[in-house]
Amino acid sequence: MLDLNNHFLIAMPGMEDADFEKTVVFVFDHGTNGAAGLVINRPSESTIKQMFYRMDLGLGREDLLSTPVFNGGPVFTDRGFVLHEAQQTFELGDDGFVPSKASFWMSTLEVPGGLEMTTSRDVLEALSSGAGPKKMFLALGYAAWQAGQLEREIAHNDWLAVPADHSIIFDLPVAKRYGAALALLGLDEMTLVPNGGVMQ
């Protein structure tokens with residue numbers, strides 16, 4: 001079975017779905033039941049500071065004051081999804097403190113490649129207090145595919161798939177993310193043709 005966990009999906013120029021036109025999607029869950037991901041290059045008009053204000057939370061992280069909240073996809077657009085570096089927890093064992101398999105946050109999905117997806121409020125409260133994951137990405141909503149749907153869309157040349165480079169998510173300006181994702185495949189936007197493939 002094709003494993004697209006920790007991959008980018010890059011929308012081809014012929015993508016007709018307005019929700020995904022010229023997008024890059026980070027796939028955080030892919031299995032026999034389907035797939036789920038976050039659009040990483042479609043910022044909303046709100047910043048994290050503004051969102052926290054509406055939630056009666058301060059924001060103790062100056063590095064995030066002007067960071068946008070992203071439109072992660074068309075599913076559950078009223079729910080927040082925080083993609084972040086894995087947070088290590090420890091427990092007391094016979095030989096002192098040892099790494100624990102338990103998550104640092106209440107509701108977290110481990111993503112292959114050293115990332116986690118958290119949907120519980122405690123991670124937001126940590127950011128509010130000035131703590132929380134150093135590298136993080138906050139989106140409202142996510143993208144979802146039923147079993148076999150994403151594979152069919154890839155076969156139909158709707159998407160290109162490539163192993164993800166996390167620096168594109170956390171460190172690169174939004175306007176450069178589509179081009180940078182294509183560059184992982186050695187491609188340039190100008191060489192793509194709408195119906196799939198690359199111009200010679």
# chains A, B, ... in the order shown; residues from 1 in each chain; ligands from 1

call {"tool": "residues_around", "arguments": {"residues": "Thr118 (chain A)", "least_positions_apart": "2", "cutoff": "7 Å", "atoms": "only C-alpha atoms", "output": "MDAnalysis selection string"}}
result
chainID A and resid 81:83 107:109 116 120

call {"tool": "residues_around", "arguments": {"residues": "region 40-48 of chain A", "least_positions_apart": "6", "cutoff": "8 Å", "atoms": "only C-alpha atoms", "output": "list of chain:residue names"}}
result
A:Thr23, A:Val24, A:Val25, A:Phe26, A:Leu64, A:Leu65, A:Ser66, A:Thr67, A:Pro68, A:Val69, A:Phe70, A:Asn71, A:Gly72, A:Leu138, A:Ile169, A:Val174, A:Ala175, A:Arg177, A:Tyr178

call {"tool": "atom_distance", "arguments": {"atom1": "CA of Met12 (chain A)", "atom2": "CA of Gly141 (chain A)"}}
result
21.6 Å

call {"tool": "residues_around", "arguments": {"residues": "Pro163 (chain A)", "least_positions_apart": "3", "cutoff": "9 Å", "atoms": "only C-alpha atoms", "output": "VMD selection string"}}
result
chain A and resid 4 to 9 184

call {"tool": "closest_residue", "arguments": {"among": "A:Ala139, A:Gln149, A:Gly60, A:Pro13", "to": "Met190 (chain A)", "atoms": "only C-alpha atoms"}}
result
A:Pro13

call {"tool": "select_by_dssp", "arguments": {"residues": "chain A", "states": "helix (DSSP H, G or I)", "output": "PyMOL selection string"}}
result
chain A and resi 48-54+62-64+121-128+149-155+166-170+174-183+189-191

call {"tool": "write_last_selection", "arguments": {"atoms": "N, CA and C atoms", "output": "short mmCIF file (atom, residue, chain, number, x, y, z; two decimals), in the first residue's frame"}}
result
data_model
loop_
_atom_site.label_atom_id
_atom_site.label_comp_id
_atom_site.auth_asym_id
_atom_site.auth_seq_id
_atom_site.Cartn_x
_atom_site.Cartn_y
_atom_site.Cartn_z
N ILE A 48 -2.68 34.58 14.94
CA ILE A 48 -2.83 33.79 16.16
C ILE A 48 -3.20 34.70 17.33
N LYS A 49 -2.61 35.89 17.39
CA LYS A 49 -2.93 36.83 18.48
C LYS A 49 -4.42 37.18 18.46
N GLN A 50 -4.98 37.43 17.29
CA GLN A 50 -6.40 37.77 17.20
C GLN A 50 -7.29 36.59 17.59
N MET A 51 -6.90 35.39 17.17
CA MET A 51 -7.67 34.21 17.53
C MET A 51 -7.65 33.98 19.03
N PHE A 52 -6.48 34.15 19.65
CA PHE A 52 -6.39 33.95 21.09
C PHE A 52 -7.21 35.01 21.83
N TYR A 53 -7.23 36.23 21.33
CA TYR A 53 -8.04 37.28 21.95
C TYR A 53 -9.51 36.89 21.97
N ARG A 54 -9.99 36.31 20.86
CA ARG A 54 -11.40 35.87 20.80
C ARG A 54 -11.67 34.71 21.74
N GLU A 62 6.13 36.16 21.74
CA GLU A 62 6.32 37.29 20.82
C GLU A 62 6.62 36.83 19.40
N ASP A 63 7.22 35.64 19.26
CA ASP A 63 7.55 35.15 17.93
C ASP A 63 6.31 34.78 17.12
N LEU A 64 5.14 34.70 17.79
CA LEU A 64 3.91 34.29 17.10
C LEU A 64 2.91 35.43 16.93
N ARG A 121 -7.04 21.90 23.89
CA ARG A 121 -6.83 23.30 24.27
C ARG A 121 -5.55 23.51 25.07
N ASP A 122 -5.04 22.45 25.70
CA ASP A 122 -3.89 22.64 26.58
C ASP A 122 -2.65 23.16 25.84
N VAL A 123 -2.50 22.80 24.56
CA VAL A 123 -1.35 23.31 23.82
C VAL A 123 -1.50 24.81 23.56
N LEU A 124 -2.74 25.26 23.36
CA LEU A 124 -2.98 26.69 23.18
C LEU A 124 -2.73 27.46 24.48
N GLU A 125 -3.13 26.86 25.59
CA GLU A 125 -2.90 27.50 26.88
C GLU A 125 -1.41 27.60 27.18
N ALA A 126 -0.65 26.61 26.74
CA ALA A 126 0.80 26.67 26.93
C ALA A 126 1.39 27.82 26.11
N LEU A 127 0.94 27.98 24.87
CA LEU A 127 1.40 29.09 24.05
C LEU A 127 1.00 30.42 24.69
N SER A 128 -0.19 30.45 25.26
CA SER A 128 -0.66 31.66 25.92
C SER A 128 0.25 32.06 27.07
N GLN A 149 -9.60 7.26 -1.98
CA GLN A 149 -9.91 8.48 -2.73
C GLN A 149 -8.64 9.23 -3.13
N LEU A 150 -7.73 9.41 -2.19
CA LEU A 150 -6.51 10.15 -2.49
C LEU A 150 -5.67 9.43 -3.54
N GLU A 151 -5.59 8.11 -3.43
CA GLU A 151 -4.83 7.34 -4.41
C GLU A 151 -5.41 7.53 -5.81
N ARG A 152 -6.74 7.57 -5.91
CA ARG A 152 -7.37 7.79 -7.21
C ARG A 152 -7.07 9.19 -7.74
N GLU A 153 -7.08 10.18 -6.86
CA GLU A 153 -6.79 11.55 -7.28
C GLU A 153 -5.35 11.68 -7.76
N ILE A 154 -4.43 10.99 -7.12
CA ILE A 154 -3.03 11.02 -7.56
C ILE A 154 -2.91 10.34 -8.92
N ALA A 155 -3.59 9.21 -9.10
CA ALA A 155 -3.56 8.51 -10.38
C ALA A 155 -4.16 9.36 -11.49
N HIS A 166 10.13 19.57 6.55
CA HIS A 166 9.42 20.33 7.59
C HIS A 166 9.83 21.80 7.63
N SER A 167 11.02 22.13 7.14
CA SER A 167 11.44 23.54 7.14
C SER A 167 10.53 24.38 6.25
N ILE A 168 9.92 23.77 5.25
CA ILE A 168 8.99 24.51 4.38
C ILE A 168 7.76 24.93 5.18
N ILE A 169 7.33 24.09 6.10
CA ILE A 169 6.16 24.40 6.93
C ILE A 169 6.48 25.48 7.96
N PHE A 170 7.59 25.33 8.64
CA PHE A 170 7.87 26.15 9.81
C PHE A 170 8.74 27.38 9.54
N VAL A 174 5.14 32.08 3.34
CA VAL A 174 4.02 31.38 2.70
C VAL A 174 4.11 31.41 1.18
N ALA A 175 4.45 32.56 0.62
CA ALA A 175 4.46 32.71 -0.84
C ALA A 175 5.48 31.80 -1.53
N LYS A 176 6.45 31.29 -0.77
CA LYS A 176 7.50 30.46 -1.38
C LYS A 176 7.25 28.96 -1.20
N ARG A 177 6.21 28.59 -0.47
CA ARG A 177 6.05 27.18 -0.11
C ARG A 177 5.67 26.29 -1.30
N TYR A 178 4.82 26.78 -2.20
CA TYR A 178 4.42 25.98 -3.36
C TYR A 178 5.64 25.69 -4.24
N GLY A 179 6.41 26.71 -4.54
CA GLY A 179 7.60 26.53 -5.36
C GLY A 179 8.64 25.65 -4.70
N ALA A 180 8.80 25.81 -3.38
CA ALA A 180 9.78 25.00 -2.65
C ALA A 180 9.38 23.54 -2.63
N ALA A 181 8.08 23.26 -2.49
CA ALA A 181 7.61 21.88 -2.51
C ALA A 181 7.87 21.25 -3.88
N LEU A 182 7.60 21.99 -4.95
CA LEU A 182 7.88 21.50 -6.30
C LEU A 182 9.38 21.23 -6.49
N ALA A 183 10.20 22.10 -5.91
CA ALA A 183 11.64 21.95 -6.06
C ALA A 183 12.15 20.66 -5.44
N GLU A 189 7.32 25.59 -11.25
CA GLU A 189 5.92 25.83 -11.58
C GLU A 189 5.72 26.12 -13.07
N MET A 190 6.66 26.77 -13.70
CA MET A 190 6.52 27.13 -15.10
C MET A 190 6.59 25.93 -16.03
N THR A 191 7.13 24.81 -15.53
CA THR A 191 7.27 23.63 -16.38
C THR A 191 6.08 22.68 -16.29
#

call {"tool": "closest_residue", "arguments": {"among": "A:Asp17, A:Lys134, A:Trp145, A:His84", "to": "Leu115 (chain A)", "atoms": "only C-alpha atoms"}}
result
A:His84

call {"tool": "atom_distance", "arguments": {"atom1": "CA of Phe104 (chain A)", "atom2": "CA of Gln87 (chain A)"}}
result
6.0 Å

call {"tool": "atom_distance", "arguments": {"atom1": "CA of Met55 (chain A)", "atom2": "CA of Gly73 (chain A)"}}
result
21.1 Å

call {"tool": "select_by_dssp", "arguments": {"residues": "region 27-129 of chain A", "states": "strand (DSSP E)", "output": "MDAnalysis selection string"}}
result
chainID A and resid 27:31 34:39 43:47 68:71 75:85 90:93 96:99 108:111 115:118

call {"tool": "closest_residue", "arguments": {"among": "A:Leu192, A:His156, A:Gln146, A:Gly130", "to": "Leu59 (chain A)", "atoms": "only C-alpha atoms"}}
result
A:Gly130

call {"tool": "closest_residue", "arguments": {"among": "A:Gly186, A:Gly34, A:Gly80, A:Gly113", "to": "Ala144 (chain A)", "atoms": "only C-alpha atoms"}}
result
A:Gly34

call {"tool": "closest_residue", "arguments": {"among": "A:Leu172, A:Met136, A:Val39, A:Ala18", "to": "Glu85 (chain A)", "atoms": "only C-alpha atoms"}}
result
A:Met136
